[in-house]
Amino acid sequence: MPKFEELSGLKNIEPILIPEGDDFKNLQTAEFIWESLFKKKADRYALLINLGGGMINDLGGFCAGTYFRGIDFVHVPTTVLAQVDASIGGKVAIDYKKYKNLIGLFKNPAYVFIETQFLQTLPENQYRSGFVELLKHAIIASPHLLSEIEKKGVPKWDKIYPFLEKSLMIKRQIIEADPYDHNKRQVLNFGHSVGHAVESLCSELNQKILHGEAVAFGMMVESMLSYQTNDFPKEDLDRLMSLLHDFSYKKIKLKHVDGILDGIKRDKKNFGKELKFTLIRDIGNAHYGYSRGPDAVRNALELVIDNYF
Ligand SMILES: NC(=O)c1ccc[n+]([C@@H]2O[C@H](COP(=O)([O-])OP(=O)(O)OC[C@H]3O[C@@H](n4cnc5c(N)ncnc54)[C@H](O)[C@@H]3O)[C@@H](O)[C@H]2O)c1
């Protein structure tokens with residue numbers, strides 16, 4: 001990524017620099033940003049430019065959305081994850097204590113500028129992890145996009161734009177139908193019920209895991225659950241398993257099944273005995289709100305771990 005000072009066209013702006021990583025997506029950093037805006041005499045007509053990955057988009061959007069009851073902001077996402085997912089949809093938030101995105105709001109940026117050149121410097125593991133959300137969009141809504149990815153593989157930064165564009169259109173269509181996440185938007189959670197549980201287990205075990213690696217594993221399990229309980233065809237299951245395994249976190253063992261199940265049960269969407277999932281019927285055809293009992297979920301988890309890891 002070019003150094004901040006080297007970005008032409010941004011000569012008259014006042015930088016506010018933030019340390020990297022989700023550990024800083026918190027109230028202390030938000031306060032530092034509000035304080036910086038205040039000291040720089042930003043009034044309610046100021047514009048905040050959020051240049052960075054999803055962490056910066058979330059944090060900057062949250063601060064802009066609350067400063068002076070909301071000033072305009074634009075996102076300039078610099079990671080695949082932010083370009084394909086975090087920069088659109090209007091969700092901006094910070095973490096609170098150990099809870100992810102607990103404090104936030106729905107507020108759309110005035111613009112999102114997607115410049116794929118930023119991706120040249122993104123580490124390979126971050127690039128592939130972000131690409132998992134693009135894969136998810138293809139799996140839940142576009143058999144054509146999925147076949148294209150299977151045929152051409154993961155595109156390099158200079159070939160990714162057409163893929164990003166198709167994927168963004170999918171997310172856009174879904175969020176426009178349900179901007180405040182009451183119903184249809186939940187199809188975007190495919191792979192995330194299990195994925196979030198794996199992320200929190202890894203954090204308890206002090207194991208490093210990227211979001212996309214957890215979601216790829218989550219999509220394997222939720223595809224298996226779809227096969228077992230929702231008539232998802234076997235040949236499509238095999239296709240997804242071989243594709244997703246490449247992106248998945250690999251250090252998952254059968255002894256982790258109880259921990260993952262506990263994490264799914266703690267998910268805020270789950271009340272009582274039944275657990276809630278987005279499942280697929282065919283590739284490109286996902287539906288939200290399926291309830292499944294813990295035994296069915298355990299079975300899918302065990303089958304995936306036993307057969308693929
Ligand atoms: N609001 C939403 O809808 C939404 C959706 C998905 C994820 N998120 C949030 O997004 C965050 C994760 O986003 P992320 O994966 O982009 O992580 P990130 O913003 O932490 O960036 C990952 C790493 O890449 C570095 N980086 C960023 N751009 C780079 C570049 N061009 N070259 C080299 N390094 C670069 C960052 O400094 C960081 O170390 C999480 O906080 C998550 O909660 C939000």
# chains A, B, ... in the order shown; residues from 1 in each chain; ligands from 1

$ residues_near_ligand --ligand "ligand 1" --cutoff "8 Å" --atoms "only C-alpha atoms and all ligand atoms" --output "VMD selection string"
chain A and resid 1 19 to 22 25 52 to 58 77 to 82 85 to 94 100 to 101 117 to 123 126 129 to 130 210 to 211

$ write_last_selection --atoms "N, CA and C atoms" --output "compact mmCIF listing (two decimals), in the first residue's frame"
# COMPACT_ATOMS: atom_id res chain seq x y z
N MET A 1 0.87 -1.19 0.00
CA MET A 1 0.00 0.00 0.00
C MET A 1 0.90 1.24 0.00
N PRO A 19 -4.03 2.47 15.02
CA PRO A 19 -3.28 1.20 14.97
C PRO A 19 -4.11 0.10 14.33
N GLU A 20 -3.40 -0.88 13.73
CA GLU A 20 -4.15 -1.90 13.00
C GLU A 20 -4.71 -2.99 13.93
N GLY A 21 -5.76 -3.64 13.46
CA GLY A 21 -6.26 -4.83 14.14
C GLY A 21 -7.53 -4.60 14.94
N ASP A 22 -8.33 -5.67 15.03
CA ASP A 22 -9.61 -5.59 15.74
C ASP A 22 -9.47 -5.27 17.22
N LYS A 25 -10.62 -1.90 17.70
CA LYS A 25 -11.96 -1.49 17.23
C LYS A 25 -12.85 -1.33 18.46
N GLY A 52 -8.92 2.04 4.63
CA GLY A 52 -8.35 0.87 5.30
C GLY A 52 -9.23 -0.35 5.11
N GLY A 53 -8.94 -1.37 5.90
CA GLY A 53 -9.72 -2.61 5.81
C GLY A 53 -11.06 -2.48 6.54
N GLY A 54 -11.72 -3.61 6.72
CA GLY A 54 -13.04 -3.62 7.34
C GLY A 54 -13.04 -3.02 8.73
N MET A 55 -11.91 -3.17 9.44
CA MET A 55 -11.83 -2.62 10.80
C MET A 55 -11.97 -1.09 10.75
N ILE A 56 -11.28 -0.46 9.83
CA ILE A 56 -11.32 1.00 9.70
C ILE A 56 -12.70 1.45 9.20
N ASN A 57 -13.25 0.68 8.26
CA ASN A 57 -14.58 1.04 7.74
C ASN A 57 -15.61 1.02 8.88
N ASP A 58 -15.56 -0.02 9.70
CA ASP A 58 -16.51 -0.16 10.81
C ASP A 58 -16.32 0.96 11.85
N PRO A 77 -12.20 1.07 0.88
CA PRO A 77 -11.77 -0.21 1.43
C PRO A 77 -10.50 -0.72 0.75
N THR A 78 -9.55 -1.23 1.56
CA THR A 78 -8.26 -1.65 1.01
C THR A 78 -7.99 -3.15 1.15
N THR A 79 -8.95 -3.91 1.66
CA THR A 79 -8.78 -5.37 1.72
C THR A 79 -9.89 -6.01 0.87
N VAL A 80 -9.69 -7.27 0.51
CA VAL A 80 -10.74 -7.96 -0.26
C VAL A 80 -12.01 -8.03 0.58
N LEU A 81 -11.84 -8.37 1.86
CA LEU A 81 -13.02 -8.49 2.73
C LEU A 81 -13.81 -7.18 2.78
N ALA A 82 -13.09 -6.08 2.90
CA ALA A 82 -13.78 -4.79 2.99
C ALA A 82 -14.39 -4.41 1.65
N ASP A 85 -17.44 -6.89 1.13
CA ASP A 85 -18.43 -7.12 2.18
C ASP A 85 -18.59 -5.93 3.14
N ALA A 86 -17.52 -5.64 3.92
CA ALA A 86 -17.68 -4.71 5.05
C ALA A 86 -18.04 -3.29 4.64
N SER A 87 -17.63 -2.86 3.43
CA SER A 87 -17.86 -1.45 3.06
C SER A 87 -19.28 -1.19 2.56
N ILE A 88 -20.03 -2.25 2.29
CA ILE A 88 -21.41 -1.98 1.86
C ILE A 88 -22.41 -2.68 2.79
N GLY A 89 -23.56 -2.06 2.89
CA GLY A 89 -24.59 -2.64 3.74
C GLY A 89 -24.98 -1.76 4.90
N GLY A 90 -24.14 -0.75 5.20
CA GLY A 90 -24.53 0.25 6.19
C GLY A 90 -24.38 -0.17 7.64
N LYS A 91 -23.75 -1.33 7.89
CA LYS A 91 -23.53 -1.71 9.29
C LYS A 91 -22.19 -1.14 9.73
N VAL A 92 -22.19 -0.32 10.79
CA VAL A 92 -20.93 0.19 11.34
C VAL A 92 -20.96 -0.02 12.85
N ALA A 93 -19.86 -0.49 13.40
CA ALA A 93 -19.90 -0.85 14.82
C ALA A 93 -18.51 -0.98 15.41
N ILE A 94 -18.48 -0.95 16.75
CA ILE A 94 -17.25 -1.28 17.47
C ILE A 94 -17.53 -2.47 18.39
N LYS A 100 -18.29 -8.87 19.86
CA LYS A 100 -18.02 -8.29 18.54
C LYS A 100 -19.19 -7.39 18.11
N ASN A 101 -18.87 -6.25 17.60
CA ASN A 101 -19.86 -5.35 16.97
C ASN A 101 -21.09 -5.08 17.83
N GLN A 117 -6.12 -1.70 -6.87
CA GLN A 117 -4.65 -1.59 -6.74
C GLN A 117 -4.18 -1.72 -5.29
N PHE A 118 -5.03 -1.31 -4.36
CA PHE A 118 -4.65 -1.44 -2.95
C PHE A 118 -4.33 -2.89 -2.60
N LEU A 119 -4.97 -3.82 -3.32
CA LEU A 119 -4.85 -5.23 -2.95
C LEU A 119 -3.48 -5.82 -3.27
N GLN A 120 -2.68 -5.06 -4.05
CA GLN A 120 -1.35 -5.57 -4.42
C GLN A 120 -0.50 -5.91 -3.21
N THR A 121 -0.68 -5.15 -2.14
CA THR A 121 0.20 -5.34 -0.98
C THR A 121 -0.44 -6.19 0.11
N LEU A 122 -1.65 -6.64 -0.14
CA LEU A 122 -2.34 -7.41 0.90
C LEU A 122 -1.70 -8.80 1.02
N PRO A 123 -1.35 -9.25 2.24
CA PRO A 123 -0.78 -10.59 2.38
C PRO A 123 -1.73 -11.65 1.81
N GLN A 126 -4.60 -12.98 3.89
CA GLN A 126 -5.71 -12.01 4.05
C GLN A 126 -6.53 -11.94 2.77
N SER A 129 -8.64 -15.06 2.58
CA SER A 129 -9.67 -15.04 3.61
C SER A 129 -10.83 -14.13 3.19
N GLY A 130 -10.50 -12.97 2.63
CA GLY A 130 -11.55 -12.05 2.16
C GLY A 130 -12.33 -12.65 1.00
N LEU A 210 -8.20 -16.66 10.75
CA LEU A 210 -8.76 -15.53 10.01
C LEU A 210 -10.25 -15.77 9.81
N HIS A 211 -11.00 -14.67 9.71
CA HIS A 211 -12.46 -14.78 9.59
C HIS A 211 -12.86 -15.70 8.43

$ residues_around --residues "Phe73 of chain A" --least-positions-apart "3" --cutoff "9 Å" --atoms "only C-alpha atoms" --output "PDB file with C-alpha atoms, in the first residue's frame"
ATOM      1  CA  ALA A  46     -16.930  17.653   7.726  1.00  0.00           C
ATOM      2  CA  LEU A  47     -16.334  14.492   5.722  1.00  0.00           C
ATOM      3  CA  LEU A  48     -14.569  11.480   7.227  1.00  0.00           C
ATOM      4  CA  ILE A  49     -12.712   9.266   4.728  1.00  0.00           C
ATOM      5  CA  ASN A  50     -12.267   5.731   6.036  1.00  0.00           C
ATOM      6  CA  GLY A  60     -14.680   5.213  11.082  1.00  0.00           C
ATOM      7  CA  GLY A  61     -18.289   4.728  10.019  1.00  0.00           C
ATOM      8  CA  ALA A  64     -18.788   9.560  11.746  1.00  0.00           C
ATOM      9  CA  GLY A  65     -22.298   8.247  12.331  1.00  0.00           C
ATOM     10  CA  GLY A  70     -23.812  12.029  12.106  1.00  0.00           C
ATOM     11  CA  ASN A 108     -24.602   4.290   4.832  1.00  0.00           C
ATOM     12  CA  PRO A 109     -21.503   6.004   3.491  1.00  0.00           C
ATOM     13  CA  ALA A 110     -22.024   8.799   0.975  1.00  0.00           C
ATOM     14  CA  TYR A 111     -19.767   6.840  -1.405  1.00  0.00           C
TER      15      TYR A 111
END

$ closest_residue --among "A:Glu274, A:Glu14, A:Asp246, A:Glu165" --to "Ile33 of chain A" --atoms "only C-alpha atoms"
A:Glu14

$ residues_around --residues "Val215 of chain A" --least-positions-apart "2" --cutoff "9 Å" --atoms "only C-alpha atoms" --output "PDB file with N, CA, C and O atoms, in the first residue's frame"
ATOM      1  N   SER A 129      -8.636 -15.056   2.579  1.00  0.00           N
ATOM      2  CA  SER A 129      -9.666 -15.040   3.612  1.00  0.00           C
ATOM      3  C   SER A 129     -10.826 -14.132   3.185  1.00  0.00           C
ATOM      4  O   SER A 129     -12.006 -14.487   3.321  1.00  0.00           O
ATOM      5  N   VAL A 132     -13.309 -15.517   0.597  1.00  0.00           N
ATOM      6  CA  VAL A 132     -14.331 -16.467   1.061  1.00  0.00           C
ATOM      7  C   VAL A 132     -15.725 -15.815   1.074  1.00  0.00           C
ATOM      8  O   VAL A 132     -16.727 -16.464   0.752  1.00  0.00           O
ATOM      9  N   GLU A 133     -15.792 -14.519   1.400  1.00  0.00           N
ATOM     10  CA  GLU A 133     -17.117 -13.858   1.409  1.00  0.00           C
ATOM     11  C   GLU A 133     -17.655 -13.738  -0.022  1.00  0.00           C
ATOM     12  O   GLU A 133     -18.861 -13.813  -0.250  1.00  0.00           O
ATOM     13  N   LYS A 136     -19.020 -17.017  -0.812  1.00  0.00           N
ATOM     14  CA  LYS A 136     -20.325 -17.168  -0.148  1.00  0.00           C
ATOM     15  C   LYS A 136     -21.438 -16.539  -0.991  1.00  0.00           C
ATOM     16  O   LYS A 136     -22.491 -17.139  -1.184  1.00  0.00           O
ATOM     17  N   PHE A 190     -24.932 -17.364   5.826  1.00  0.00           N
ATOM     18  CA  PHE A 190     -24.563 -18.733   5.485  1.00  0.00           C
ATOM     19  C   PHE A 190     -23.087 -18.979   5.885  1.00  0.00           C
ATOM     20  O   PHE A 190     -22.210 -18.194   5.541  1.00  0.00           O
ATOM     21  N   GLY A 191     -22.862 -20.044   6.616  1.00  0.00           N
ATOM     22  CA  GLY A 191     -21.505 -20.384   7.072  1.00  0.00           C
ATOM     23  C   GLY A 191     -21.087 -19.670   8.344  1.00  0.00           C
ATOM     24  O   GLY A 191     -20.083 -20.026   8.960  1.00  0.00           O
ATOM     25  N   HIS A 192     -21.839 -18.656   8.746  1.00  0.00           N
ATOM     26  CA  HIS A 192     -21.395 -17.827   9.873  1.00  0.00           C
ATOM     27  C   HIS A 192     -21.829 -18.351  11.242  1.00  0.00           C
ATOM     28  O   HIS A 192     -21.173 -18.045  12.237  1.00  0.00           O
ATOM     29  N   SER A 193     -22.945 -19.118  11.319  1.00  0.00           N
ATOM     30  CA  SER A 193     -23.343 -19.636  12.639  1.00  0.00           C
ATOM     31  C   SER A 193     -22.221 -20.527  13.172  1.00  0.00           C
ATOM     32  O   SER A 193     -21.763 -20.368  14.307  1.00  0.00           O
ATOM     33  N   VAL A 194     -21.761 -21.441  12.306  1.00  0.00           N
ATOM     34  CA  VAL A 194     -20.650 -22.306  12.705  1.00  0.00           C
ATOM     35  C   VAL A 194     -19.343 -21.503  12.719  1.00  0.00           C
ATOM     36  O   VAL A 194     -18.527 -21.634  13.642  1.00  0.00           O
ATOM     37  N   GLY A 195     -19.151 -20.649  11.713  1.00  0.00           N
ATOM     38  CA  GLY A 195     -17.902 -19.877  11.599  1.00  0.00           C
ATOM     39  C   GLY A 195     -17.625 -19.025  12.835  1.00  0.00           C
ATOM     40  O   GLY A 195     -16.516 -19.045  13.365  1.00  0.00           O
ATOM     41  N   HIS A 196     -18.635 -18.312  13.313  1.00  0.00           N
ATOM     42  CA  HIS A 196     -18.422 -17.481  14.511  1.00  0.00           C
ATOM     43  C   HIS A 196     -18.087 -18.339  15.729  1.00  0.00           C
ATOM     44  O   HIS A 196     -17.265 -17.957  16.563  1.00  0.00           O
ATOM     45  N   VAL A 198     -16.520 -21.164  15.706  1.00  0.00           N
ATOM     46  CA  VAL A 198     -15.127 -21.608  15.580  1.00  0.00           C
ATOM     47  C   VAL A 198     -14.179 -20.459  15.937  1.00  0.00           C
ATOM     48  O   VAL A 198     -13.168 -20.660  16.626  1.00  0.00           O
ATOM     49  N   GLU A 199     -14.518 -19.255  15.505  1.00  0.00           N
ATOM     50  CA  GLU A 199     -13.666 -18.099  15.837  1.00  0.00           C
ATOM     51  C   GLU A 199     -13.588 -17.903  17.348  1.00  0.00           C
ATOM     52  O   GLU A 199     -12.523 -17.652  17.898  1.00  0.00           O
ATOM     53  N   LEU A 210      -8.197 -16.661  10.754  1.00  0.00           N
ATOM     54  CA  LEU A 210      -8.760 -15.529  10.010  1.00  0.00           C
ATOM     55  C   LEU A 210     -10.252 -15.774   9.809  1.00  0.00           C
ATOM     56  O   LEU A 210     -10.698 -16.931   9.714  1.00  0.00           O
ATOM     57  N   HIS A 211     -11.001 -14.671   9.709  1.00  0.00           N
ATOM     58  CA  HIS A 211     -12.460 -14.779   9.595  1.00  0.00           C
ATOM     59  C   HIS A 211     -12.861 -15.704   8.430  1.00  0.00           C
ATOM     60  O   HIS A 211     -13.693 -16.595   8.580  1.00  0.00           O
ATOM     61  N   GLY A 212     -12.233 -15.507   7.280  1.00  0.00           N
ATOM     62  CA  GLY A 212     -12.598 -16.297   6.095  1.00  0.00           C
ATOM     63  C   GLY A 212     -12.321 -17.784   6.287  1.00  0.00           C
ATOM     64  O   GLY A 212     -13.056 -18.630   5.769  1.00  0.00           O
ATOM     65  N   GLU A 213     -11.253 -18.100   7.021  1.00  0.00           N
ATOM     66  CA  GLU A 213     -10.930 -19.514   7.269  1.00  0.00           C
ATOM     67  C   GLU A 213     -12.029 -20.163   8.112  1.00  0.00           C
ATOM     68  O   GLU A 213     -12.392 -21.324   7.912  1.00  0.00           O
ATOM     69  N   PHE A 217     -14.906 -23.090   6.774  1.00  0.00           N
ATOM     70  CA  PHE A 217     -15.252 -24.299   7.528  1.00  0.00           C
ATOM     71  C   PHE A 217     -16.749 -24.310   7.844  1.00  0.00           C
ATOM     72  O   PHE A 217     -17.438 -25.318   7.687  1.00  0.00           O
ATOM     73  N   GLY A 218     -17.261 -23.156   8.264  1.00  0.00           N
ATOM     74  CA  GLY A 218     -18.686 -23.039   8.592  1.00  0.00           C
ATOM     75  C   GLY A 218     -19.554 -23.395   7.385  1.00  0.00           C
ATOM     76  O   GLY A 218     -20.576 -24.090   7.518  1.00  0.00           O
ATOM     77  N   MET A 219     -19.147 -22.951   6.209  1.00  0.00           N
ATOM     78  CA  MET A 219     -19.942 -23.272   5.013  1.00  0.00           C
ATOM     79  C   MET A 219     -19.864 -24.758   4.685  1.00  0.00           C
ATOM     80  O   MET A 219     -20.828 -25.336   4.163  1.00  0.00           O
ATOM     81  N   MET A 220     -18.727 -25.398   4.994  1.00  0.00           N
ATOM     82  CA  MET A 220     -18.647 -26.857   4.772  1.00  0.00           C
ATOM     83  C   MET A 220     -19.680 -27.561   5.653  1.00  0.00           C
ATOM     84  O   MET A 220     -20.427 -28.434   5.204  1.00  0.00           O
ATOM     85  N   PHE A 247      -9.826 -23.266   1.478  1.00  0.00           N
ATOM     86  CA  PHE A 247      -9.865 -21.966   2.159  1.00  0.00           C
ATOM     87  C   PHE A 247     -10.034 -22.115   3.673  1.00  0.00           C
ATOM     88  O   PHE A 247      -9.908 -21.153   4.410  1.00  0.00           O
ATOM     89  N   SER A 248     -10.377 -23.330   4.093  1.00  0.00           N
ATOM     90  CA  SER A 248     -10.775 -23.522   5.493  1.00  0.00           C
ATOM     91  C   SER A 248      -9.593 -23.555   6.457  1.00  0.00           C
ATOM     92  O   SER A 248      -8.477 -23.933   6.094  1.00  0.00           O
ATOM     93  N   TYR A 249      -9.880 -23.193   7.700  1.00  0.00           N
ATOM     94  CA  TYR A 249      -8.968 -23.427   8.816  1.00  0.00           C
ATOM     95  C   TYR A 249      -8.779 -24.938   8.911  1.00  0.00           C
ATOM     96  O   TYR A 249      -9.749 -25.696   8.823  1.00  0.00           O
TER      97      TYR A 249
END

$ select_by_dssp --residues "segment 261-290 of chain A" --states "alpha helix (DSSP H)" --output "ChimeraX atom specification"
/A:261-266

$ residues_around --residues "Lys98 of chain A" --least-positions-apart "5" --cutoff "12 Å" --atoms "only C-alpha atoms" --output "PyMOL selection string"
chain A and resi 22-23+25-26+103+200+203-204

$ atom_distance --atom1 "atom CA of His75 of chain A" --atom2 "atom CA of Lys184 of chain A"
24.6 Å

$ closest_residue --among "A:Lys166, A:Gln28, A:Tyr99, A:Val154" --to "Asp267 of chain A" --atoms "only C-alpha atoms"
A:Tyr99

$ closest_residue --among "A:Glu302, A:Asp158, A:Asp236, A:Glu148" --to "Lys255 of chain A" --atoms "only C-alpha atoms"
A:Glu302

$ closest_residue --among "A:Ser147, A:Leu188, A:Leu244, A:Val74" --to "Phe113 of chain A" --atoms "only C-alpha atoms"
A:Val74

$ select_by_dssp --residues "segment 16-52 of chain A" --states "strand (DSSP E or B)" --output "list in words"
Leu47, Leu48, Ile49, Asn50, Leu51 and Gly52 of chain A

$ write_last_selection --atoms "N, CA and C atoms" --output "JSON list (two decimals), in the first residue's frame"
[["chain", "number", "residue", "atom", "x", "y", "z"],
["A", 47, "LEU", "N", -16.21, 15.80, 6.37],
["A", 47, "LEU", "CA", -16.33, 14.49, 5.72],
["A", 47, "LEU", "C", -15.23, 13.59, 6.27],
["A", 48, "LEU", "N", -15.59, 12.42, 6.75],
["A", 48, "LEU", "CA", -14.57, 11.48, 7.23],
["A", 48, "LEU", "C", -14.32, 10.43, 6.14],
["A", 49, "ILE", "N", -13.06, 10.26, 5.76],
["A", 49, "ILE", "CA", -12.71, 9.27, 4.73],
["A", 49, "ILE", "C", -12.11, 8.06, 5.45],
["A", 50, "ASN", "N", -12.74, 6.93, 5.33],
["A", 50, "ASN", "CA", -12.27, 5.73, 6.04],
["A", 50, "ASN", "C", -11.43, 4.89, 5.09],
["A", 51, "LEU", "N", -10.12, 5.10, 5.15],
["A", 51, "LEU", "CA", -9.19, 4.42, 4.25],
["A", 51, "LEU", "C", -8.55, 3.26, 4.99],
["A", 52, "GLY", "N", -8.92, 2.04, 4.63],
["A", 52, "GLY", "CA", -8.35, 0.87, 5.30],
["A", 52, "GLY", "C", -9.23, -0.35, 5.11]]

$ atom_distance --atom1 "atom CA of Ala214 of chain A" --atom2 "atom CA of Leu105 of chain A"
25.0 Å

$ closest_residue --among "A:Ile71, A:Leu243, A:Leu237, A:Leu201" --to "Trp34 of chain A" --atoms "only C-alpha atoms"
A:Ile71

$ residues_around --residues "Arg292 of chain A" --least-positions-apart "4" --cutoff "10 Å" --atoms "only C-alpha atoms" --output "list in words"
Leu225, Thr229, Lys273, Glu274, Leu275, Lys276, Phe277, Ala296 and Val297 of chain A

$ closest_residue --among "A:Lys265, A:His256, A:Lys97, A:Lys156" --to "Gly293 of chain A" --atoms "only C-alpha atoms"
A:Lys265
